[in-house]
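Structure file run_29.txt with compact mmCIF, N, CA and C atoms:
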# COMPACT_ATOMS: atom_id res chain seq x y z
N GLU A 93 94.37 87.32 67.18
CA GLU A 93 92.96 87.67 67.37
C GLU A 93 92.15 86.42 67.72
N GLU A 94 92.38 85.34 66.94
CA GLU A 94 91.67 84.07 67.17
C GLU A 94 91.84 83.60 68.60
N ARG A 95 93.11 83.59 69.05
CA ARG A 95 93.41 83.01 70.36
C ARG A 95 92.71 83.76 71.47
N CYS A 96 92.55 85.06 71.28
CA CYS A 96 91.97 85.88 72.34
C CYS A 96 90.47 85.67 72.47
N ALA A 97 89.87 85.02 71.49
CA ALA A 97 88.44 84.74 71.56
C ALA A 97 88.15 83.87 72.77
N GLY A 98 89.11 83.03 73.15
CA GLY A 98 88.94 82.14 74.29
C GLY A 98 88.96 82.86 75.63
N LEU A 99 89.21 84.17 75.63
CA LEU A 99 89.29 84.91 76.90
C LEU A 99 87.92 85.38 77.40
N ALA A 100 86.97 85.54 76.48
CA ALA A 100 85.66 86.05 76.87
C ALA A 100 85.00 85.14 77.90
N GLY A 101 84.45 85.74 78.94
CA GLY A 101 83.75 84.97 79.96
C GLY A 101 84.65 84.36 81.01
N ARG A 102 85.97 84.53 80.86
CA ARG A 102 86.89 83.98 81.86
C ARG A 102 86.99 84.90 83.07
N HIS A 103 87.14 84.31 84.24
CA HIS A 103 87.25 85.09 85.47
C HIS A 103 88.71 85.34 85.84
N VAL A 104 89.02 86.61 86.06
CA VAL A 104 90.38 86.98 86.44
C VAL A 104 90.36 87.68 87.79
N LEU A 105 91.28 87.28 88.65
CA LEU A 105 91.47 87.97 89.92
C LEU A 105 92.66 88.90 89.73
N LEU A 106 92.40 90.19 89.83
CA LEU A 106 93.43 91.20 89.63
C LEU A 106 93.88 91.74 90.99
N CYS A 107 95.10 91.40 91.39
CA CYS A 107 95.63 91.88 92.66
C CYS A 107 96.57 93.05 92.36
N GLU A 108 96.10 94.23 92.64
CA GLU A 108 96.82 95.45 92.26
C GLU A 108 96.38 96.58 93.19
N ASP A 109 97.34 97.26 93.82
CA ASP A 109 96.96 98.29 94.80
C ASP A 109 96.81 99.68 94.22
N HIS A 110 97.34 99.91 93.02
CA HIS A 110 97.34 101.25 92.45
C HIS A 110 96.05 101.49 91.66
N PRO A 111 95.24 102.50 92.05
CA PRO A 111 93.93 102.71 91.40
C PRO A 111 94.01 102.89 89.89
N LEU A 112 95.00 103.63 89.41
CA LEU A 112 95.11 103.85 87.97
C LEU A 112 95.45 102.54 87.25
N ASN A 113 96.40 101.79 87.82
CA ASN A 113 96.76 100.49 87.23
C ASN A 113 95.57 99.53 87.25
N GLN A 114 94.77 99.60 88.32
CA GLN A 114 93.57 98.77 88.40
C GLN A 114 92.65 99.09 87.23
N GLU A 115 92.44 100.40 87.00
CA GLU A 115 91.55 100.84 85.93
C GLU A 115 92.04 100.40 84.56
N ILE A 116 93.34 100.59 84.32
CA ILE A 116 93.91 100.22 83.02
C ILE A 116 93.75 98.72 82.78
N ALA A 117 94.16 97.92 83.77
CA ALA A 117 94.09 96.47 83.62
C ALA A 117 92.64 96.01 83.47
N ARG A 118 91.75 96.59 84.28
CA ARG A 118 90.34 96.21 84.21
C ARG A 118 89.77 96.51 82.82
N ALA A 119 90.12 97.69 82.29
CA ALA A 119 89.63 98.08 80.96
C ALA A 119 90.15 97.13 79.89
N LEU A 120 91.44 96.79 79.96
CA LEU A 120 92.03 95.88 78.98
C LEU A 120 91.36 94.51 79.04
N LEU A 121 91.16 94.01 80.25
CA LEU A 121 90.60 92.66 80.42
C LEU A 121 89.12 92.61 80.05
N SER A 122 88.36 93.58 80.56
CA SER A 122 86.92 93.54 80.27
C SER A 122 86.66 93.85 78.80
N GLY A 123 87.61 94.55 78.16
CA GLY A 123 87.51 94.81 76.72
C GLY A 123 87.49 93.52 75.91
N LYS A 124 88.09 92.46 76.46
CA LYS A 124 88.08 91.15 75.80
C LYS A 124 86.98 90.26 76.37
N GLY A 125 86.09 90.86 77.17
CA GLY A 125 84.97 90.09 77.70
C GLY A 125 85.29 89.29 78.95
N MET A 126 86.44 89.58 79.56
CA MET A 126 86.80 88.86 80.78
C MET A 126 86.09 89.49 81.98
N ILE A 127 85.83 88.69 82.98
CA ILE A 127 85.15 89.16 84.18
C ILE A 127 86.21 89.36 85.25
N VAL A 128 86.35 90.61 85.70
CA VAL A 128 87.46 90.98 86.57
C VAL A 128 87.00 91.26 87.99
N GLN A 129 87.69 90.65 88.93
CA GLN A 129 87.49 90.98 90.34
C GLN A 129 88.80 91.58 90.84
N VAL A 130 88.72 92.77 91.47
CA VAL A 130 89.92 93.45 91.93
C VAL A 130 90.14 93.26 93.43
N ALA A 131 91.39 92.97 93.80
CA ALA A 131 91.78 92.94 95.21
C ALA A 131 92.91 93.95 95.35
N GLU A 132 92.79 94.86 96.33
CA GLU A 132 93.79 95.94 96.35
C GLU A 132 95.03 95.64 97.19
N ASP A 133 95.14 94.43 97.70
CA ASP A 133 96.41 94.01 98.28
C ASP A 133 96.48 92.49 98.27
N GLY A 134 97.65 91.96 98.58
CA GLY A 134 97.85 90.52 98.49
C GLY A 134 96.93 89.72 99.41
N GLN A 135 96.74 90.24 100.63
CA GLN A 135 95.87 89.54 101.58
C GLN A 135 94.44 89.45 101.06
N LYS A 136 93.96 90.57 100.50
CA LYS A 136 92.59 90.57 99.95
C LYS A 136 92.50 89.61 98.76
N GLY A 137 93.58 89.50 98.01
CA GLY A 137 93.62 88.57 96.88
C GLY A 137 93.51 87.13 97.36
N VAL A 138 94.27 86.81 98.40
CA VAL A 138 94.24 85.47 98.98
C VAL A 138 92.83 85.17 99.50
N ASP A 139 92.23 86.16 100.19
CA ASP A 139 90.87 85.97 100.73
C ASP A 139 89.86 85.75 99.60
N ALA A 140 89.98 86.57 98.54
CA ALA A 140 89.04 86.46 97.42
C ALA A 140 89.14 85.08 96.79
N PHE A 141 90.38 84.58 96.63
CA PHE A 141 90.55 83.26 96.02
C PHE A 141 89.97 82.18 96.93
N SER A 142 90.21 82.31 98.24
CA SER A 142 89.75 81.26 99.15
C SER A 142 88.23 81.22 99.27
N LYS A 143 87.58 82.38 99.05
CA LYS A 143 86.11 82.43 99.15
C LYS A 143 85.42 82.00 97.86
N ALA A 144 86.16 82.03 96.74
CA ALA A 144 85.55 81.70 95.45
C ALA A 144 85.35 80.19 95.33
N PRO A 145 84.34 79.78 94.57
CA PRO A 145 84.16 78.35 94.35
C PRO A 145 85.39 77.77 93.63
N VAL A 146 85.66 76.50 93.86
CA VAL A 146 86.79 75.85 93.20
C VAL A 146 86.65 75.98 91.69
N GLY A 147 87.71 76.40 91.04
CA GLY A 147 87.70 76.52 89.58
C GLY A 147 87.08 77.81 89.07
N TYR A 148 86.67 78.69 89.97
CA TYR A 148 86.02 79.94 89.54
C TYR A 148 86.98 80.85 88.78
N PHE A 149 88.16 81.06 89.35
CA PHE A 149 89.13 81.93 88.68
C PHE A 149 89.96 81.16 87.67
N HIS A 150 90.04 81.71 86.45
CA HIS A 150 90.83 81.08 85.40
C HIS A 150 92.25 81.58 85.41
N CYS A 151 92.47 82.72 86.08
CA CYS A 151 93.81 83.29 86.13
C CYS A 151 93.87 84.35 87.23
N ILE A 152 95.07 84.50 87.81
CA ILE A 152 95.29 85.56 88.80
C ILE A 152 96.42 86.44 88.27
N LEU A 153 96.17 87.74 88.19
CA LEU A 153 97.22 88.70 87.84
C LEU A 153 97.68 89.33 89.14
N MET A 154 98.95 89.17 89.44
CA MET A 154 99.46 89.52 90.76
C MET A 154 100.55 90.58 90.69
N ASP A 155 100.22 91.77 91.16
CA ASP A 155 101.25 92.80 91.25
C ASP A 155 102.24 92.34 92.32
N LEU A 156 103.53 92.60 92.12
CA LEU A 156 104.50 92.12 93.09
C LEU A 156 104.57 93.02 94.32
N ARG A 157 104.48 94.33 94.11
CA ARG A 157 104.64 95.26 95.23
C ARG A 157 103.29 95.80 95.67
N MET A 158 102.81 95.24 96.79
CA MET A 158 101.53 95.69 97.34
C MET A 158 101.66 95.79 98.85
N PRO A 159 100.81 96.63 99.46
CA PRO A 159 100.83 96.71 100.93
C PRO A 159 100.22 95.46 101.55
N VAL A 160 100.34 95.33 102.85
CA VAL A 160 99.81 94.23 103.66
C VAL A 160 100.52 92.91 103.34
N MET A 161 100.39 92.45 102.10
CA MET A 161 101.06 91.21 101.68
C MET A 161 101.47 91.40 100.23
N ASP A 162 102.75 91.17 99.92
CA ASP A 162 103.18 91.37 98.53
C ASP A 162 102.79 90.18 97.65
N GLY A 163 103.02 90.33 96.37
CA GLY A 163 102.59 89.32 95.41
C GLY A 163 103.23 87.96 95.60
N ILE A 164 104.50 87.95 95.99
CA ILE A 164 105.21 86.69 96.21
C ILE A 164 104.56 85.92 97.37
N GLU A 165 104.35 86.63 98.49
CA GLU A 165 103.72 86.00 99.65
C GLU A 165 102.31 85.51 99.33
N ALA A 166 101.58 86.35 98.59
CA ALA A 166 100.20 85.99 98.24
C ALA A 166 100.17 84.74 97.35
N ALA A 167 101.10 84.68 96.40
CA ALA A 167 101.16 83.50 95.51
C ALA A 167 101.48 82.25 96.33
N LYS A 168 102.43 82.37 97.25
CA LYS A 168 102.78 81.21 98.10
C LYS A 168 101.58 80.77 98.93
N ALA A 169 100.84 81.77 99.46
CA ALA A 169 99.67 81.46 100.30
C ALA A 169 98.61 80.72 99.49
N ILE A 170 98.39 81.19 98.26
CA ILE A 170 97.39 80.54 97.40
C ILE A 170 97.85 79.13 97.04
N ARG A 171 99.11 78.98 96.67
CA ARG A 171 99.62 77.66 96.30
C ARG A 171 99.56 76.65 97.45
N SER A 172 99.61 77.14 98.68
CA SER A 172 99.63 76.21 99.82
C SER A 172 98.23 75.89 100.35
N MET A 173 97.19 76.47 99.72
CA MET A 173 95.83 76.19 100.18
C MET A 173 95.44 74.75 99.88
N ASP A 174 94.59 74.24 100.74
CA ASP A 174 94.14 72.86 100.59
C ASP A 174 92.87 72.81 99.75
N ARG A 175 93.03 73.05 98.45
CA ARG A 175 91.88 72.95 97.55
C ARG A 175 92.41 72.59 96.17
N PRO A 176 91.62 71.87 95.38
CA PRO A 176 92.10 71.31 94.11
C PRO A 176 92.66 72.33 93.14
N ASP A 177 92.11 73.56 93.13
CA ASP A 177 92.58 74.51 92.12
C ASP A 177 93.76 75.38 92.60
N ALA A 178 94.15 75.24 93.88
CA ALA A 178 95.21 76.09 94.43
C ALA A 178 96.55 75.86 93.73
N GLY A 179 96.78 74.64 93.31
CA GLY A 179 98.06 74.34 92.66
C GLY A 179 98.04 74.56 91.16
N THR A 180 96.85 74.69 90.60
CA THR A 180 96.77 74.73 89.14
C THR A 180 96.35 76.08 88.56
N VAL A 181 95.71 76.94 89.36
CA VAL A 181 95.27 78.22 88.80
C VAL A 181 96.49 79.00 88.32
N PRO A 182 96.48 79.48 87.07
CA PRO A 182 97.63 80.23 86.60
C PRO A 182 97.78 81.56 87.34
N ILE A 183 98.99 81.84 87.82
CA ILE A 183 99.27 83.12 88.48
C ILE A 183 100.35 83.84 87.68
N LEU A 184 100.03 85.03 87.21
CA LEU A 184 100.99 85.84 86.45
C LEU A 184 101.40 87.04 87.27
N ALA A 185 102.70 87.21 87.42
CA ALA A 185 103.20 88.37 88.14
C ALA A 185 103.14 89.58 87.22
N MET A 186 102.79 90.73 87.80
CA MET A 186 102.87 91.98 87.05
C MET A 186 103.95 92.80 87.72
N THR A 187 104.98 93.13 86.97
CA THR A 187 106.08 93.83 87.57
C THR A 187 106.73 94.84 86.64
N ALA A 188 107.08 95.99 87.21
CA ALA A 188 107.74 97.03 86.43
C ALA A 188 109.21 96.69 86.24
N ASP A 189 109.77 95.92 87.18
CA ASP A 189 111.18 95.57 87.05
C ASP A 189 111.31 94.09 86.74
N ALA A 190 111.30 93.79 85.47
CA ALA A 190 111.32 92.39 85.04
C ALA A 190 112.76 91.87 84.96
N PHE A 191 113.51 92.08 86.04
CA PHE A 191 114.87 91.55 86.07
C PHE A 191 114.80 90.09 86.42
N SER A 192 115.80 89.35 86.01
CA SER A 192 115.73 87.90 86.16
C SER A 192 115.56 87.48 87.62
N ASP A 193 116.11 88.25 88.56
CA ASP A 193 115.95 87.91 89.98
C ASP A 193 114.49 87.89 90.37
N ASP A 194 113.78 88.93 89.97
CA ASP A 194 112.35 89.03 90.27
C ASP A 194 111.60 87.87 89.64
N VAL A 195 111.92 87.60 88.39
CA VAL A 195 111.24 86.54 87.67
C VAL A 195 111.52 85.19 88.34
N LYS A 196 112.76 84.97 88.74
CA LYS A 196 113.12 83.72 89.44
C LYS A 196 112.32 83.59 90.73
N LYS A 197 112.22 84.70 91.47
CA LYS A 197 111.46 84.68 92.73
C LYS A 197 110.01 84.31 92.47
N CYS A 198 109.45 84.85 91.39
CA CYS A 198 108.05 84.59 91.04
C CYS A 198 107.85 83.11 90.74
N LEU A 199 108.75 82.56 89.94
CA LEU A 199 108.62 81.15 89.56
C LEU A 199 108.78 80.26 90.79
N LYS A 200 109.70 80.65 91.67
CA LYS A 200 109.93 79.89 92.89
C LYS A 200 108.69 79.91 93.79
N ALA A 201 107.97 81.01 93.75
CA ALA A 201 106.76 81.15 94.58
C ALA A 201 105.58 80.42 93.95
N GLY A 202 105.80 79.81 92.79
CA GLY A 202 104.74 79.03 92.15
C GLY A 202 103.97 79.78 91.08
N MET A 203 104.50 80.94 90.67
CA MET A 203 103.82 81.67 89.59
C MET A 203 104.18 81.05 88.24
N ASN A 204 103.34 81.32 87.26
CA ASN A 204 103.52 80.69 85.95
C ASN A 204 104.24 81.56 84.95
N GLY A 205 104.47 82.81 85.29
CA GLY A 205 105.11 83.71 84.35
C GLY A 205 104.90 85.13 84.80
N HIS A 206 105.24 86.09 83.93
CA HIS A 206 105.04 87.47 84.34
C HIS A 206 104.68 88.35 83.15
N VAL A 207 104.07 89.46 83.46
CA VAL A 207 103.70 90.47 82.49
C VAL A 207 104.41 91.75 82.91
N ALA A 208 105.15 92.37 81.99
CA ALA A 208 105.88 93.58 82.33
C ALA A 208 104.94 94.78 82.38
N LYS A 209 105.22 95.69 83.30
CA LYS A 209 104.49 96.95 83.34
C LYS A 209 105.42 98.03 82.82
N PRO A 210 104.94 99.05 82.12
CA PRO A 210 103.54 99.22 81.73
C PRO A 210 103.08 98.09 80.79
N ILE A 211 101.82 97.72 80.93
CA ILE A 211 101.28 96.56 80.21
C ILE A 211 101.15 96.83 78.72
N ASP A 212 101.67 95.90 77.95
CA ASP A 212 101.49 95.91 76.50
C ASP A 212 100.24 95.06 76.25
N PRO A 213 99.12 95.70 75.82
CA PRO A 213 97.85 94.97 75.73
C PRO A 213 97.94 93.67 74.94
N GLN A 214 98.55 93.69 73.77
CA GLN A 214 98.60 92.48 72.95
C GLN A 214 99.37 91.36 73.64
N LYS A 215 100.46 91.76 74.29
CA LYS A 215 101.27 90.77 75.01
C LYS A 215 100.48 90.17 76.15
N LEU A 216 99.72 91.03 76.83
CA LEU A 216 98.90 90.57 77.94
C LEU A 216 97.88 89.54 77.43
N TYR A 217 97.19 89.87 76.34
CA TYR A 217 96.19 88.94 75.79
C TYR A 217 96.82 87.63 75.35
N ASP A 218 97.96 87.73 74.67
CA ASP A 218 98.63 86.51 74.21
C ASP A 218 99.04 85.63 75.38
N THR A 219 99.62 86.26 76.41
CA THR A 219 100.07 85.51 77.58
C THR A 219 98.89 84.85 78.28
N LEU A 220 97.81 85.61 78.45
CA LEU A 220 96.62 85.06 79.10
C LEU A 220 96.03 83.91 78.30
N ALA A 221 95.91 84.11 76.99
CA ALA A 221 95.33 83.07 76.14
C ALA A 221 96.15 81.79 76.26
N GLU A 222 97.46 81.95 76.20
CA GLU A 222 98.37 80.81 76.27
C GLU A 222 98.24 80.08 77.60
N ILE A 223 98.25 80.86 78.68
CA ILE A 223 98.29 80.27 80.01
C ILE A 223 96.95 79.66 80.41
N ILE A 224 95.85 80.29 79.97
CA ILE A 224 94.53 79.76 80.31
C ILE A 224 94.23 78.51 79.50
N GLU A 225 94.59 78.54 78.23
CA GLU A 225 94.42 77.35 77.40
C GLU A 225 95.27 76.21 77.93
N GLY A 226 96.50 76.54 78.32
CA GLY A 226 97.43 75.55 78.84
C GLY A 226 96.90 74.90 80.10
N ALA A 227 96.29 75.71 80.97
CA ALA A 227 95.76 75.18 82.23
C ALA A 227 94.59 74.26 81.96
N ARG A 228 93.85 74.59 80.92
CA ARG A 228 92.69 73.77 80.60
C ARG A 228 93.09 72.43 80.01
N ALA A 229 94.19 72.45 79.26
CA ALA A 229 94.61 71.23 78.56
C ALA A 229 95.12 70.16 79.52
N ASP A 230 95.61 70.57 80.70
CA ASP A 230 96.17 69.60 81.63
C ASP A 230 95.14 68.58 82.10

Rewrite the coordinates I just gave you, this time as structure tokens.
Amino acid sequence: EERCAGLAGRHVLLCEDHPLNQEIARALLSGKGMIVQVAEDGQKGVDAFSKAPVGYFHCILMDLRMPVMDGIEAAKAIRSMDRPDAGTVPILAMTADAFSDDVKKCLKAGMNGHVAKPIDPQKLYDTLAEIIEGARAD
């Protein structure tokens, strides 16, 4: 409970194409006081990140399977941007198939970890708290 107090007021970019999943994730995140911006595909996520001020997003939640550009491609695109926060913003993959191959691909693309779907709220909060605090400590 204590650790999650640090989540209030943090900006999250949620890249997720499924309307119901968007709603669930948005409700979970805003329930902890987080400010959520939704992008419904990887390309829109990349655009949203590139238009935001440096350091605006504290974390990106990236669904792996999306139209236009998938989560892996989107993560690579964000990591290769020429801006100070592109290499440091935490990116968490959201995936229904958390097999090691998928996880390896995510890490290779520069993601910091993953959250299994369906989302376990407490696990999501713990992971976010850990990863956002960790990014701040660097």

How far is it from atom C of A:Ala185 to atom N of A:Met154, in Å with one decimal? 4.8 Å

Any chance you could list, as a ChimeraX atom specification, the residues in chain A that come up alpha helix (DSSP H) when DSSP is run on the backbone? /A:111-123,134-143,163-171,192-200,213-229

Take atom CA of A:Lys136 and atom N of A:Phe191 and report the distance between them in Å, one decimal. 25.2 Å

Hey, what's within 9 Å of A:Arg118 if we count only C-alpha atoms and toss same-chain stuff fewer than 2 positions away? As a list in words, please? Leu106, Asn113, Gln114, Glu115, Ile116, Leu120, Leu121, Ser122, Gly123, Met126, Ile127, Val128, Gln129 and Val130 of chain A

Do a neighbour search on stretch 170-177 of chain A at 6.5 Å with all atoms listed in the file, toss out local chain neighbours closer than 4 positions, and write the hits as a ChimeraX atom specification. /A:138,146-147,165-166,181

If I wrap all listed atoms of stretch 169-175 of chain A in a box with edges along x, y and z and add 4 Å on each side, what are its centre and edge lengths in Å to one decimal, as AutoDock Vina command-line options?
--center_x 96.4 --center_y 77.2 --center_z 98.5 --size_x 17.0 --size_y 17.2 --size_z 12.6

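Nearest residue to A:Ala167, choosing from A:Gly134, A:Asp193, A:Gly205, A:Gly125 and counting all atoms listed in the file: A:Gly134.
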
DSSP strand (DSSP E or B) selection over chain A, as JSON, numbers by chain: {"A": [103, 104, 105, 106, 107, 127, 128, 129, 130, 131, 151, 152, 153, 154, 155, 183, 184, 185, 186, 187, 205, 206, 207, 208]}

Restricting the output to N, CA and C atoms, write the selected residues as a short mmCIF file (atom, residue, chain, number, x, y, z; two decimals), in the frame of the given file.
data_model
loop_
_atom_site.label_atom_id
_atom_site.label_comp_id
_atom_site.auth_asym_id
_atom_site.auth_seq_id
_atom_site.Cartn_x
_atom_site.Cartn_y
_atom_site.Cartn_z
N HIS A 103 87.14 84.31 84.24
CA HIS A 103 87.25 85.09 85.47
C HIS A 103 88.71 85.34 85.84
N VAL A 104 89.02 86.61 86.06
CA VAL A 104 90.38 86.98 86.44
C VAL A 104 90.36 87.68 87.79
N LEU A 105 91.28 87.28 88.65
CA LEU A 105 91.47 87.97 89.92
C LEU A 105 92.66 88.90 89.73
N LEU A 106 92.40 90.19 89.83
CA LEU A 106 93.43 91.20 89.63
C LEU A 106 93.88 91.74 90.99
N CYS A 107 95.10 91.40 91.39
CA CYS A 107 95.63 91.88 92.66
C CYS A 107 96.57 93.05 92.36
N ILE A 127 85.83 88.69 82.98
CA ILE A 127 85.15 89.16 84.18
C ILE A 127 86.21 89.36 85.25
N VAL A 128 86.35 90.61 85.70
CA VAL A 128 87.46 90.98 86.57
C VAL A 128 87.00 91.26 87.99
N GLN A 129 87.69 90.65 88.93
CA GLN A 129 87.49 90.98 90.34
C GLN A 129 88.80 91.58 90.84
N VAL A 130 88.72 92.77 91.47
CA VAL A 130 89.92 93.45 91.93
C VAL A 130 90.14 93.26 93.43
N ALA A 131 91.39 92.97 93.80
CA ALA A 131 91.78 92.94 95.21
C ALA A 131 92.91 93.95 95.35
N CYS A 151 92.47 82.72 86.08
CA CYS A 151 93.81 83.29 86.13
C CYS A 151 93.87 84.35 87.23
N ILE A 152 95.07 84.50 87.81
CA ILE A 152 95.29 85.56 88.80
C ILE A 152 96.42 86.44 88.27
N LEU A 153 96.17 87.74 88.19
CA LEU A 153 97.22 88.70 87.84
C LEU A 153 97.68 89.33 89.14
N MET A 154 98.95 89.17 89.44
CA MET A 154 99.46 89.52 90.76
C MET A 154 100.55 90.58 90.69
N ASP A 155 100.22 91.77 91.16
CA ASP A 155 101.25 92.80 91.25
C ASP A 155 102.24 92.34 92.32
N ILE A 183 98.99 81.84 87.82
CA ILE A 183 99.27 83.12 88.48
C ILE A 183 100.35 83.84 87.68
N LEU A 184 100.03 85.03 87.21
CA LEU A 184 100.99 85.84 86.45
C LEU A 184 101.40 87.04 87.27
N ALA A 185 102.70 87.21 87.42
CA ALA A 185 103.20 88.37 88.14
C ALA A 185 103.14 89.58 87.22
N MET A 186 102.79 90.73 87.80
CA MET A 186 102.87 91.98 87.05
C MET A 186 103.95 92.80 87.72
N THR A 187 104.98 93.13 86.97
CA THR A 187 106.08 93.83 87.57
C THR A 187 106.73 94.84 86.64
N GLY A 205 104.47 82.81 85.29
CA GLY A 205 105.11 83.71 84.35
C GLY A 205 104.90 85.13 84.80
N HIS A 206 105.24 86.09 83.93
CA HIS A 206 105.04 87.47 84.34
C HIS A 206 104.68 88.35 83.15
N VAL A 207 104.07 89.46 83.46
CA VAL A 207 103.70 90.47 82.49
C VAL A 207 104.41 91.75 82.91
N ALA A 208 105.15 92.37 81.99
CA ALA A 208 105.88 93.58 82.33
C ALA A 208 104.94 94.78 82.38
#

Kindly indicate which residue among A:Pro182, A:Pro159, A:Gly226, A:Pro213 lies nearest to A:Leu105, using only C-alpha atoms for the distances.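 The closest residue to A:Leu105 is A:Pro182.
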
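Within the 8 Å cut-off around A:His150, using only N, CA and C atoms and omitting residues fewer than 2 positions from it on the same chain, the listed residues are Arg102, His103, Val104, Leu105, Gly147, Tyr148, Ile152, Leu153, Thr180, Val181, Pro182, Ile183, Ile223, Ile224 and Ala227 of chain A.
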
Export of the given selection (N, CA and C atoms) as a PDB file, in the coordinates of the input:
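Final file, selection25.pdb:
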ATOM      1  N   ARG A 102      85.970  84.530  80.860  1.00  0.00           N
ATOM      2  CA  ARG A 102      86.890  83.980  81.860  1.00  0.00           C
ATOM      3  C   ARG A 102      86.990  84.900  83.070  1.00  0.00           C
ATOM      4  N   HIS A 103      87.140  84.310  84.240  1.00  0.00           N
ATOM      5  CA  HIS A 103      87.250  85.090  85.470  1.00  0.00           C
ATOM      6  C   HIS A 103      88.710  85.340  85.840  1.00  0.00           C
ATOM      7  N   VAL A 104      89.020  86.610  86.060  1.00  0.00           N
ATOM      8  CA  VAL A 104      90.380  86.980  86.440  1.00  0.00           C
ATOM      9  C   VAL A 104      90.360  87.680  87.790  1.00  0.00           C
ATOM     10  N   LEU A 105      91.280  87.280  88.650  1.00  0.00           N
ATOM     11  CA  LEU A 105      91.470  87.970  89.920  1.00  0.00           C
ATOM     12  C   LEU A 105      92.660  88.900  89.730  1.00  0.00           C
ATOM     13  N   GLY A 147      87.710  76.400  91.040  1.00  0.00           N
ATOM     14  CA  GLY A 147      87.700  76.520  89.580  1.00  0.00           C
ATOM     15  C   GLY A 147      87.080  77.810  89.070  1.00  0.00           C
ATOM     16  N   TYR A 148      86.670  78.690  89.970  1.00  0.00           N
ATOM     17  CA  TYR A 148      86.020  79.940  89.540  1.00  0.00           C
ATOM     18  C   TYR A 148      86.980  80.850  88.780  1.00  0.00           C
ATOM     19  N   ILE A 152      95.070  84.500  87.810  1.00  0.00           N
ATOM     20  CA  ILE A 152      95.290  85.560  88.800  1.00  0.00           C
ATOM     21  C   ILE A 152      96.420  86.440  88.270  1.00  0.00           C
ATOM     22  N   LEU A 153      96.170  87.740  88.190  1.00  0.00           N
ATOM     23  CA  LEU A 153      97.220  88.700  87.840  1.00  0.00           C
ATOM     24  C   LEU A 153      97.680  89.330  89.140  1.00  0.00           C
ATOM     25  N   THR A 180      96.850  74.690  90.600  1.00  0.00           N
ATOM     26  CA  THR A 180      96.770  74.730  89.140  1.00  0.00           C
ATOM     27  C   THR A 180      96.350  76.080  88.560  1.00  0.00           C
ATOM     28  N   VAL A 181      95.710  76.940  89.360  1.00  0.00           N
ATOM     29  CA  VAL A 181      95.270  78.220  88.800  1.00  0.00           C
ATOM     30  C   VAL A 181      96.490  79.000  88.320  1.00  0.00           C
ATOM     31  N   PRO A 182      96.480  79.480  87.070  1.00  0.00           N
ATOM     32  CA  PRO A 182      97.630  80.230  86.600  1.00  0.00           C
ATOM     33  C   PRO A 182      97.780  81.560  87.340  1.00  0.00           C
ATOM     34  N   ILE A 183      98.990  81.840  87.820  1.00  0.00           N
ATOM     35  CA  ILE A 183      99.270  83.120  88.480  1.00  0.00           C
ATOM     36  C   ILE A 183     100.350  83.840  87.680  1.00  0.00           C
ATOM     37  N   ILE A 223      98.250  80.860  78.680  1.00  0.00           N
ATOM     38  CA  ILE A 223      98.290  80.270  80.010  1.00  0.00           C
ATOM     39  C   ILE A 223      96.950  79.660  80.410  1.00  0.00           C
ATOM     40  N   ILE A 224      95.850  80.290  79.970  1.00  0.00           N
ATOM     41  CA  ILE A 224      94.530  79.760  80.310  1.00  0.00           C
ATOM     42  C   ILE A 224      94.230  78.510  79.500  1.00  0.00           C
ATOM     43  N   ALA A 227      96.290  75.710  80.970  1.00  0.00           N
ATOM     44  CA  ALA A 227      95.760  75.180  82.230  1.00  0.00           C
ATOM     45  C   ALA A 227      94.590  74.260  81.960  1.00  0.00           C
TER      46      ALA A 227
END

Could you give me, as an mmCIF file with N, CA and C atoms, in the frame of the given file, the residues that sit within 6.5 Å of (108.6, 97.9, 83.8) in the file's coordinates, counting only N, CA and C atoms?
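This went into result.cif:
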data_model
loop_
_atom_site.group_PDB
_atom_site.id
_atom_site.type_symbol
_atom_site.label_atom_id
_atom_site.label_comp_id
_atom_site.auth_asym_id
_atom_site.auth_seq_id
_atom_site.Cartn_x
_atom_site.Cartn_y
_atom_site.Cartn_z
ATOM 1 N N THR A 187 104.980 93.130 86.970
ATOM 2 C CA THR A 187 106.080 93.830 87.570
ATOM 3 C C THR A 187 106.730 94.840 86.640
ATOM 4 N N ALA A 188 107.080 95.990 87.210
ATOM 5 C CA ALA A 188 107.740 97.030 86.430
ATOM 6 C C ALA A 188 109.210 96.690 86.240
ATOM 7 N N ASP A 189 109.770 95.920 87.180
ATOM 8 C CA ASP A 189 111.180 95.570 87.050
ATOM 9 C C ASP A 189 111.310 94.090 86.740
ATOM 10 N N ALA A 190 111.300 93.790 85.470
ATOM 11 C CA ALA A 190 111.320 92.390 85.040
ATOM 12 C C ALA A 190 112.760 91.870 84.960
ATOM 13 N N ALA A 208 105.150 92.370 81.990
ATOM 14 C CA ALA A 208 105.880 93.580 82.330
ATOM 15 C C ALA A 208 104.940 94.780 82.380
ATOM 16 N N LYS A 209 105.220 95.690 83.300
ATOM 17 C CA LYS A 209 104.490 96.950 83.340
ATOM 18 C C LYS A 209 105.420 98.030 82.820
ATOM 19 N N PRO A 210 104.940 99.050 82.120
ATOM 20 C CA PRO A 210 103.540 99.220 81.730
ATOM 21 C C PRO A 210 103.080 98.090 80.790
#

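Here the question is which of A:Val160, A:Met186, A:Leu199, A:Cys151 gets nearest to A:Glu132 using all atoms listed in the file, and that residue is A:Val160.
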
One decimal, in Å: what's the spacing between atom C of A:Ala169 and atom N of A:Ala100? 26.2 Å
